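Next comes protein-v5.txt, a file with compact mmCIF, C-alpha atoms and all ligand atoms.
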# COMPACT_ATOMS: atom_id res chain seq x y z
CA MET A 1 -106.45 212.91 24.69
CA THR A 2 -106.18 209.21 24.11
CA THR A 3 -102.96 207.44 25.07
CA ARG A 4 -101.81 204.89 22.51
CA ILE A 5 -100.09 202.30 24.69
CA ASP A 6 -96.76 201.30 23.13
CA GLY A 7 -96.36 197.57 23.74
CA ASN A 8 -92.97 197.40 22.05
CA GLU A 9 -91.51 200.02 24.37
CA ILE A 10 -92.90 198.34 27.50
CA ALA A 11 -91.74 194.93 26.28
CA ASP A 12 -88.25 196.37 25.79
CA SER A 13 -88.09 197.48 29.39
CA VAL A 14 -89.13 193.98 30.57
CA LYS A 15 -86.49 192.50 28.27
CA SER A 16 -83.74 194.70 29.63
CA ASN A 17 -84.59 193.55 33.16
CA VAL A 18 -84.57 189.93 31.94
CA GLU A 19 -81.26 190.48 30.18
CA SER A 20 -79.59 191.77 33.33
CA CYS A 21 -80.93 188.75 35.25
CA VAL A 22 -79.48 186.46 32.59
CA GLU A 23 -76.10 188.16 33.09
CA THR A 24 -76.28 187.69 36.86
CA LEU A 25 -77.20 184.01 36.48
CA GLY A 26 -74.27 183.66 34.08
CA LYS A 27 -71.88 184.65 36.89
CA ASP A 28 -73.09 181.55 38.72
CA GLY A 29 -72.54 179.44 35.61
CA VAL A 30 -76.26 179.24 34.79
CA LYS A 31 -77.49 179.75 31.24
CA PRO A 32 -81.30 179.71 31.00
CA GLY A 33 -82.58 177.42 28.23
CA LEU A 34 -85.97 177.32 26.53
CA ALA A 35 -87.22 174.49 24.31
CA THR A 36 -89.93 175.24 21.78
CA VAL A 37 -91.84 172.37 20.25
CA LEU A 38 -93.88 172.83 17.10
CA MET A 39 -96.31 170.20 15.86
CA SER A 40 -98.16 172.12 13.19
CA GLU A 41 -97.78 173.32 9.64
CA ASP A 42 -99.74 176.48 10.32
CA SER A 43 -97.79 179.50 9.11
CA ALA A 44 -98.90 181.77 11.98
CA SER A 45 -97.61 179.17 14.47
CA GLU A 46 -94.30 178.98 12.61
CA THR A 47 -93.99 182.76 12.74
CA TYR A 48 -94.70 182.96 16.47
CA VAL A 49 -92.25 180.17 17.33
CA SER A 50 -89.45 181.79 15.36
CA MET A 51 -90.19 185.15 17.04
CA LYS A 52 -89.83 183.42 20.41
CA GLN A 53 -86.49 181.87 19.43
CA GLN A 54 -85.14 185.23 18.24
CA ALA A 55 -86.30 186.95 21.41
CA CYS A 56 -84.47 184.35 23.52
CA GLU A 57 -81.22 184.81 21.67
CA ALA A 58 -81.46 188.60 21.99
CA VAL A 59 -81.36 188.40 25.80
CA GLY A 60 -78.87 185.54 26.13
CA ILE A 61 -81.32 182.67 26.70
CA GLU A 62 -80.33 179.46 24.89
CA SER A 63 -83.07 178.34 22.55
CA TYR A 64 -83.66 174.74 21.47
CA HIS A 65 -86.18 173.95 18.78
CA TYR A 66 -87.96 170.70 17.97
CA GLU A 67 -90.36 170.01 15.15
CA ILE A 68 -92.73 167.08 15.00
CA PRO A 69 -94.63 166.24 11.80
CA ALA A 70 -98.28 167.26 12.17
CA ASN A 71 -99.41 163.73 11.23
CA ALA A 72 -97.22 161.92 13.79
CA PRO A 73 -98.98 160.06 16.62
CA GLU A 74 -99.59 161.81 19.95
CA GLU A 75 -97.04 159.49 21.55
CA THR A 76 -94.22 161.10 19.53
CA LEU A 77 -94.95 164.47 21.12
CA LEU A 78 -95.37 163.02 24.62
CA LYS A 79 -92.04 161.18 24.32
CA ARG A 80 -90.31 164.34 23.18
CA ILE A 81 -91.66 166.22 26.21
CA LYS A 82 -90.52 163.41 28.56
CA SER A 83 -87.04 163.63 27.14
CA LEU A 84 -86.97 167.43 27.54
CA ASN A 85 -88.20 167.10 31.14
CA SER A 86 -85.05 165.14 31.93
CA LYS A 87 -82.55 167.53 30.31
CA PRO A 88 -80.96 169.82 32.93
CA GLU A 89 -79.91 172.49 30.41
CA ILE A 90 -83.56 172.99 29.43
CA HIS A 91 -85.38 175.04 32.05
CA GLY A 92 -88.52 175.88 30.10
CA ILE A 93 -90.66 173.89 27.66
CA LEU A 94 -93.20 175.50 25.36
CA VAL A 95 -95.39 173.40 23.10
CA GLN A 96 -96.87 175.77 20.56
CA MET A 97 -100.67 175.68 20.61
CA PRO A 98 -102.85 174.60 18.93
CA VAL A 99 -101.71 170.99 18.47
CA PRO A 100 -103.39 168.87 15.74
CA ASP A 101 -106.92 167.53 16.41
CA HIS A 102 -105.76 163.95 16.97
CA VAL A 103 -103.54 165.07 19.86
CA ASN A 104 -105.11 165.53 23.29
CA GLU A 105 -104.07 169.03 24.36
CA GLN A 106 -104.69 168.37 28.05
CA ALA A 107 -102.49 165.25 27.98
CA VAL A 108 -99.72 167.33 26.42
CA LEU A 109 -99.94 170.07 29.05
CA GLU A 110 -99.93 167.51 31.86
CA GLN A 111 -96.83 165.82 30.48
CA ILE A 112 -94.71 168.95 30.93
CA ASP A 113 -92.87 169.01 34.26
CA PRO A 114 -94.67 171.84 36.16
CA ILE A 115 -91.33 173.40 37.14
CA LYS A 116 -90.52 173.79 33.40
CA ASP A 117 -94.02 174.92 32.41
CA VAL A 118 -93.18 178.48 31.35
CA ASP A 119 -96.62 178.94 29.75
CA GLY A 120 -98.23 178.30 33.13
CA PHE A 121 -100.81 175.95 31.58
CA HIS A 122 -100.17 172.79 33.67
CA PRO A 123 -103.06 172.12 36.12
CA GLU A 124 -100.65 172.46 39.07
CA ASN A 125 -99.65 175.95 37.96
CA VAL A 126 -103.26 176.87 37.16
CA GLY A 127 -104.21 175.75 40.68
CA ARG A 128 -101.41 177.73 42.26
CA LEU A 129 -102.46 180.86 40.41
CA THR A 130 -106.06 180.38 41.49
CA ILE A 131 -105.16 180.13 45.18
CA GLY A 132 -102.97 183.21 44.99
CA ASN A 133 -99.58 181.51 45.04
CA PRO A 134 -98.49 181.75 41.40
CA ARG A 135 -95.29 180.12 40.10
CA PHE A 136 -95.49 180.96 36.39
CA LYS A 137 -98.12 183.54 35.50
CA PRO A 138 -99.43 182.84 31.97
CA CYS A 139 -97.56 185.14 29.60
CA THR A 140 -100.39 187.09 27.98
CA PRO A 141 -102.36 187.98 31.14
CA HIS A 142 -99.10 188.77 32.94
CA GLY A 143 -98.18 191.02 30.01
CA VAL A 144 -101.51 192.81 30.32
CA GLN A 145 -100.72 193.50 33.98
CA LYS A 146 -97.37 194.98 32.92
CA LEU A 147 -99.11 197.20 30.36
CA LEU A 148 -101.60 198.46 32.95
CA ASN A 149 -98.75 199.19 35.39
CA ALA A 150 -96.78 201.00 32.72
CA VAL A 151 -99.62 203.46 32.12
CA ASN A 152 -100.27 203.77 35.87
CA GLU A 153 -103.70 202.22 35.55
CA GLU A 154 -104.68 201.18 39.07
CA THR A 155 -107.01 198.15 39.08
CA GLU A 156 -108.05 198.19 42.73
CA GLY A 157 -111.79 198.76 43.04
CA LYS A 158 -112.22 199.07 39.27
CA ASP A 159 -114.80 197.29 37.14
CA VAL A 160 -113.10 195.18 34.50
CA ALA A 161 -114.91 193.43 31.64
CA ILE A 162 -112.97 190.56 30.09
CA VAL A 163 -114.43 189.44 26.78
CA GLY A 164 -113.43 185.79 26.26
CA ARG A 165 -113.16 182.83 28.66
CA SER A 166 -110.23 180.85 27.28
CA ASP A 167 -107.89 178.86 29.52
CA ILE A 168 -104.91 180.79 28.17
CA VAL A 169 -106.18 184.37 28.50
CA GLY A 170 -109.69 184.99 29.85
CA LYS A 171 -109.64 182.71 32.89
CA PRO A 172 -106.10 183.42 34.12
CA MET A 173 -106.67 187.15 33.48
CA MET A 174 -109.69 186.97 35.76
CA ASN A 175 -107.70 185.13 38.42
CA LEU A 176 -104.89 187.69 38.37
CA LEU A 177 -107.23 190.67 38.52
CA ILE A 178 -109.23 189.40 41.50
CA GLN A 179 -106.16 188.52 43.61
CA LYS A 180 -105.40 190.51 46.75
CA ALA A 181 -102.20 191.71 45.14
CA LYS A 182 -100.68 194.44 43.01
CA THR A 183 -102.65 194.92 39.78
CA GLY A 184 -105.48 192.94 41.39
CA ASN A 185 -108.40 193.78 43.68
CA ALA A 186 -110.67 194.50 40.71
CA THR A 187 -114.31 193.50 40.22
CA VAL A 188 -114.27 191.31 37.14
CA THR A 189 -117.02 190.35 34.71
CA VAL A 190 -116.08 187.55 32.30
CA CYS A 191 -118.14 187.73 29.10
CA HIS A 192 -118.40 185.01 26.45
CA SER A 193 -120.46 183.72 23.54
CA ARG A 194 -123.57 183.18 25.69
CA THR A 195 -123.41 186.57 27.38
CA GLU A 196 -126.58 188.61 26.89
CA ASN A 197 -126.20 192.28 26.19
CA LEU A 198 -122.43 192.37 25.89
CA ALA A 199 -122.41 196.10 25.14
CA GLU A 200 -124.01 196.81 28.51
CA LYS A 201 -121.20 194.94 30.29
CA THR A 202 -118.44 196.68 28.36
CA ARG A 203 -120.07 200.12 28.79
CA ASN A 204 -120.16 199.60 32.54
CA ALA A 205 -116.44 198.77 32.72
CA ASP A 206 -113.51 201.02 33.59
CA ILE A 207 -111.18 198.59 31.80
CA VAL A 208 -112.14 196.36 28.85
CA ILE A 209 -109.90 193.42 27.94
CA ALA A 210 -110.83 191.83 24.61
CA ALA A 211 -109.63 188.25 24.10
CA VAL A 212 -112.18 186.46 21.96
CA GLY A 213 -110.54 186.07 18.57
CA VAL A 214 -113.31 187.85 16.69
CA PRO A 215 -111.93 190.64 14.49
CA GLU A 216 -113.06 194.11 15.59
CA LEU A 217 -115.93 192.83 17.74
CA ILE A 218 -115.65 195.72 20.21
CA ASP A 219 -116.33 199.16 18.78
CA GLY A 220 -116.67 202.66 20.18
CA SER A 221 -120.46 202.38 20.62
CA MET A 222 -119.83 199.63 23.22
CA LEU A 223 -117.55 201.80 25.36
CA SER A 224 -118.07 204.65 27.78
CA SER A 225 -115.73 207.56 27.49
CA GLY A 226 -112.55 207.27 29.54
CA THR A 227 -112.34 203.47 29.33
CA VAL A 228 -108.94 201.77 29.18
CA VAL A 229 -109.01 199.26 26.32
CA ILE A 230 -106.62 196.31 26.09
CA ASP A 231 -106.81 194.35 22.84
CA VAL A 232 -105.45 190.81 23.08
CA GLY A 233 -106.75 189.74 19.64
CA VAL A 234 -104.29 188.74 16.92
CA ASN A 235 -106.51 187.90 13.95
CA ARG A 236 -105.11 187.42 10.47
CA VAL A 237 -107.61 188.76 7.96
CA GLU A 238 -107.23 188.58 4.20
CA ALA A 239 -105.75 191.71 2.69
CA ASP A 240 -104.57 192.97 -0.66
CA ASN A 241 -100.86 193.22 0.21
CA GLU A 242 -97.65 191.23 -0.18
CA LYS A 243 -98.36 188.87 2.70
CA GLY A 244 -101.97 188.38 1.68
CA TYR A 245 -103.17 189.16 5.20
CA GLU A 246 -103.11 191.85 7.83
CA LEU A 247 -103.27 191.62 11.58
CA VAL A 248 -106.33 193.06 13.32
CA GLY A 249 -107.40 192.97 16.93
CA ASP A 250 -110.69 192.16 18.62
CA VAL A 251 -111.25 195.91 18.91
CA ASP A 252 -112.19 198.33 16.14
CA PHE A 253 -109.28 200.66 16.94
CA ASP A 254 -110.44 203.77 15.08
CA SER A 255 -113.89 203.93 16.64
CA ALA A 256 -112.73 202.71 20.08
CA LYS A 257 -110.03 205.36 20.34
CA THR A 258 -112.68 208.11 20.20
CA LYS A 259 -113.92 206.86 23.60
CA ALA A 260 -110.85 205.31 25.23
CA SER A 261 -108.53 207.16 27.61
CA ALA A 262 -105.83 204.63 26.70
CA ILE A 263 -105.79 201.83 24.16
CA THR A 264 -103.38 199.17 22.86
CA PRO A 265 -102.88 198.84 19.09
CA VAL A 266 -102.58 195.57 17.12
CA PRO A 267 -99.83 194.90 16.22
CA GLY A 268 -97.53 196.56 18.74
CA GLY A 269 -99.68 196.17 21.86
CA VAL A 270 -100.11 193.00 23.90
CA GLY A 271 -98.24 190.66 21.48
CA PRO A 272 -94.72 191.91 22.26
CA LEU A 273 -95.48 191.59 26.00
CA THR A 274 -96.52 187.94 25.57
CA ILE A 275 -93.05 187.21 24.25
CA SER A 276 -91.18 189.18 26.89
CA MET A 277 -93.11 187.50 29.72
CA LEU A 278 -92.10 184.14 28.25
CA LEU A 279 -88.47 185.20 28.61
CA TYR A 280 -89.24 186.35 32.15
CA ASN A 281 -90.74 182.95 33.03
CA THR A 282 -87.77 181.13 31.49
CA VAL A 283 -85.36 183.07 33.71
CA LYS A 284 -87.59 182.35 36.70
CA ALA A 285 -87.60 178.65 35.79
CA ALA A 286 -83.79 178.60 35.57
CA SER A 287 -83.48 180.39 38.90
CA LEU A 288 -85.84 177.92 40.62
CA GLN A 289 -84.22 174.82 39.10
CA GLU A 290 -80.65 175.91 39.74
CA GLY A 291 -81.31 177.35 43.19
CA VAL A 292 -79.77 180.68 42.23
CA PRO A 293 -81.74 183.79 43.19
CA THR A 294 -82.54 186.43 40.58
CA GLU A 295 -84.03 189.89 40.69
CA LEU A 296 -86.89 189.83 38.18
CA SER A 297 -89.18 192.83 38.52
N1 LIG B 1 -97.92 177.38 24.04
C1 LIG B 1 -98.23 178.56 23.51
N2 LIG B 1 -97.84 179.70 24.14
C2 LIG B 1 -98.14 180.92 23.59
O1 LIG B 1 -97.79 181.97 24.18
C3 LIG B 1 -98.85 180.97 22.34
C4 LIG B 1 -99.22 179.75 21.75
N3 LIG B 1 -98.91 178.59 22.35
N4 LIG B 1 -99.90 179.76 20.58
C5 LIG B 1 -100.24 180.97 19.87
C6 LIG B 1 -100.33 182.18 20.79
C7 LIG B 1 -100.19 183.50 20.08
N5 LIG B 1 -99.02 184.13 20.66
C8 LIG B 1 -98.50 185.36 20.25
C9 LIG B 1 -97.30 185.84 20.69
C10 LIG B 1 -96.77 187.04 20.22
C11 LIG B 1 -97.45 187.78 19.28
C12 LIG B 1 -96.84 189.03 18.78
O2 LIG B 1 -95.77 189.43 19.17
N6 LIG B 1 -97.48 189.73 17.82
C13 LIG B 1 -96.96 190.93 17.21
C14 LIG B 1 -97.05 190.88 15.70
C15 LIG B 1 -96.66 189.59 15.08
C16 LIG B 1 -96.82 189.52 13.59
O3 LIG B 1 -96.40 190.48 12.91
O4 LIG B 1 -97.39 188.52 13.09
C17 LIG B 1 -97.74 192.13 17.69
O5 LIG B 1 -98.90 191.95 18.13
O6 LIG B 1 -97.23 193.23 17.62
C18 LIG B 1 -98.67 187.33 18.85
C19 LIG B 1 -99.20 186.13 19.34
C20 LIG B 1 -98.47 183.29 21.58
N7 LIG B 1 -99.18 182.17 21.71

Written as structure tokens, that's how I'd like the structure from this file.
Amino acid sequence: MTTRIDGNEIADSVKSNVESCVETLGKDGVKPGLATVLMSEDSASETYVSMKQQACEAVGIESYHYEIPANAPEETLLKRIKSLNSKPEIHGILVQMPVPDHVNEQAVLEQIDPIKDVDGFHPENVGRLTIGNPRFKPCTPHGVQKLLNAVNEETEGKDVAIVGRSDIVGKPMMNLLIQKAKTGNATVTVCHSRTENLAEKTRNADIVIAAVGVPELIDGSMLSSGTVVIDVGVNRVEADNEKGYELVGDVDFDSAKTKASAITPVPGGVGPLTISMLLYNTVKAASLQEGVPTELS
């Protein structure tokens, strides 16, 4: 029996915890606020940003949205961030990635006040995570931890293969899983484009986390039976339907599910958790900035 892990259901339980924290903060006159900044004409980016705004409103977080023309100079974006840093009603700032090629992504991330960095991408927050004192855990890896907890998948002593070494998923995922902490204490192998014999690494793993952005790269032949498979991929591939595309993961679901003991689908797996952990971080940011305790779990 293979468990199909329901990301929407798990995300809903995170959101209801967040919602009750928002209510408690409200009693102290605090309304958490998140600013999203979009500097892109990419339709996927537009979709994700509007999903984030809707999710905020659903739990009582105030959402502020700013758009910057994709051909504007880098300075326009940096100035916008500076102005948001100084606004007390804005507790979290999210600049939708990727930014255009002429904009230095690192400069953008460093401009965000680390106490408002709800993505957890600022070097200060990356450093804190690495030394085991996280402030904002990056949303997607944190969401993966929540998924593993929800299906009672213990990570201690397990072999985990992460496929992908990005700054936003692969690396922070590794850091979280090797911490001496809950949903940590794993032995982690980080695989990437130069890895030799990838299938050997994934077959030796108890848990495989795919975050490479290559549609259906991981199939059943690369897995041992009983493996827990977490698919972080959100790839739009051309399809003969109304939208003109469909969403597929980095895992070939149909073949992988013949081996997996539990597996996340795409859509409806990790994606919804990414959004709910953003709400979680926004509430945490408000609590830290306003000096009002909250009971996020
Ligand atoms: N600064 C920044 N922070 C991010 O967190 C960030 C970003 N930039 N850039 C792009 C990626 C991508 N991302 C997703 C969030 C939710 C879904 C999600 O909820 N997906 C749904 C389906 C969505 C659909 O139907 O298109 C699902 O998987 O079920 C997907 C992808 C956040 N990102």

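Residue nearest ligand LIG 1 (chain B), chosen from A:Thr2, A:Gln96, A:Asn8, A:Ser287 and counting only C-alpha atoms and all ligand atoms: A:Gln96.
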
Just the residues within 12 Å of Arg128 (chain A), please, counting only C-alpha atoms, with nothing from its chain fewer than 6 positions along; format it as a ChimeraX atom specification. /A:114,120-122,134-138,172,175-176,179

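For the residues A:Asn71, A:Thr195, A:Asn17, A:Ser50, ranking by smallest atom-to-atom distance to ligand LIG 1 (chain B) using all atoms listed in the file places A:Ser50 first.
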
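Minimum atom-to-atom distances from A:Pro32, A:Pro98, A:Pro272, A:Pro141 to Ile61 (chain A) were compared using only C-alpha atoms, and the lowest value belongs to A:Pro32.
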
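Shortest atom-to-atom contact with Cys56 (chain A) among A:Leu278, A:Ile207, A:Leu94, A:Leu273: A:Leu278, counting only C-alpha atoms.
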
Would you mind telling me which residue in A:Val214, A:Ala58, A:Ala35, A:Leu296 lies nearest to ligand LIG 1 (chain B) when using all atoms listed in the file? A:Ala35

Region 16-31 of chain A rebuilt with N, CA and C atoms, output as a PDB file, in the frame of the given file:
ATOM      1  N   SER A  16     -85.033 194.271  29.107  1.00  0.00           N
ATOM      2  CA  SER A  16     -83.740 194.700  29.630  1.00  0.00           C
ATOM      3  C   SER A  16     -83.564 194.226  31.072  1.00  0.00           C
ATOM      4  N   ASN A  17     -84.662 194.150  31.818  1.00  0.00           N
ATOM      5  CA  ASN A  17     -84.590 193.550  33.160  1.00  0.00           C
ATOM      6  C   ASN A  17     -84.216 192.065  33.060  1.00  0.00           C
ATOM      7  N   VAL A  18     -84.856 191.356  32.132  1.00  0.00           N
ATOM      8  CA  VAL A  18     -84.570 189.930  31.940  1.00  0.00           C
ATOM      9  C   VAL A  18     -83.104 189.733  31.550  1.00  0.00           C
ATOM     10  N   GLU A  19     -82.635 190.589  30.657  1.00  0.00           N
ATOM     11  CA  GLU A  19     -81.260 190.480  30.180  1.00  0.00           C
ATOM     12  C   GLU A  19     -80.260 190.638  31.330  1.00  0.00           C
ATOM     13  N   SER A  20     -80.537 191.582  32.222  1.00  0.00           N
ATOM     14  CA  SER A  20     -79.590 191.770  33.330  1.00  0.00           C
ATOM     15  C   SER A  20     -79.661 190.583  34.299  1.00  0.00           C
ATOM     16  N   CYS A  21     -80.836 189.973  34.427  1.00  0.00           N
ATOM     17  CA  CYS A  21     -80.930 188.750  35.250  1.00  0.00           C
ATOM     18  C   CYS A  21     -80.167 187.593  34.611  1.00  0.00           C
ATOM     19  N   VAL A  22     -80.226 187.512  33.287  1.00  0.00           N
ATOM     20  CA  VAL A  22     -79.480 186.460  32.590  1.00  0.00           C
ATOM     21  C   VAL A  22     -77.972 186.631  32.850  1.00  0.00           C
ATOM     22  N   GLU A  23     -77.517 187.885  32.816  1.00  0.00           N
ATOM     23  CA  GLU A  23     -76.100 188.160  33.090  1.00  0.00           C
ATOM     24  C   GLU A  23     -75.706 187.731  34.495  1.00  0.00           C
ATOM     25  N   THR A  24     -76.557 188.060  35.470  1.00  0.00           N
ATOM     26  CA  THR A  24     -76.280 187.690  36.860  1.00  0.00           C
ATOM     27  C   THR A  24     -76.233 186.173  37.012  1.00  0.00           C
ATOM     28  N   LEU A  25     -77.196 185.479  36.406  1.00  0.00           N
ATOM     29  CA  LEU A  25     -77.200 184.010  36.480  1.00  0.00           C
ATOM     30  C   LEU A  25     -75.931 183.444  35.848  1.00  0.00           C
ATOM     31  N   GLY A  26     -75.481 184.098  34.780  1.00  0.00           N
ATOM     32  CA  GLY A  26     -74.270 183.660  34.080  1.00  0.00           C
ATOM     33  C   GLY A  26     -73.059 183.647  34.992  1.00  0.00           C
ATOM     34  N   LYS A  27     -73.009 184.600  35.941  1.00  0.00           N
ATOM     35  CA  LYS A  27     -71.880 184.650  36.890  1.00  0.00           C
ATOM     36  C   LYS A  27     -71.848 183.426  37.790  1.00  0.00           C
ATOM     37  N   ASP A  28     -73.031 182.798  37.967  1.00  0.00           N
ATOM     38  CA  ASP A  28     -73.090 181.550  38.720  1.00  0.00           C
ATOM     39  C   ASP A  28     -73.040 180.329  37.808  1.00  0.00           C
ATOM     40  N   GLY A  29     -72.674 180.559  36.551  1.00  0.00           N
ATOM     41  CA  GLY A  29     -72.540 179.440  35.610  1.00  0.00           C
ATOM     42  C   GLY A  29     -73.872 178.897  35.108  1.00  0.00           C
ATOM     43  N   VAL A  30     -74.943 179.704  35.244  1.00  0.00           N
ATOM     44  CA  VAL A  30     -76.260 179.240  34.790  1.00  0.00           C
ATOM     45  C   VAL A  30     -76.650 179.950  33.508  1.00  0.00           C
ATOM     46  N   LYS A  31     -76.975 179.175  32.484  1.00  0.00           N
ATOM     47  CA  LYS A  31     -77.490 179.750  31.240  1.00  0.00           C
ATOM     48  C   LYS A  31     -78.915 179.258  31.049  1.00  0.00           C
TER      49      LYS A  31
END
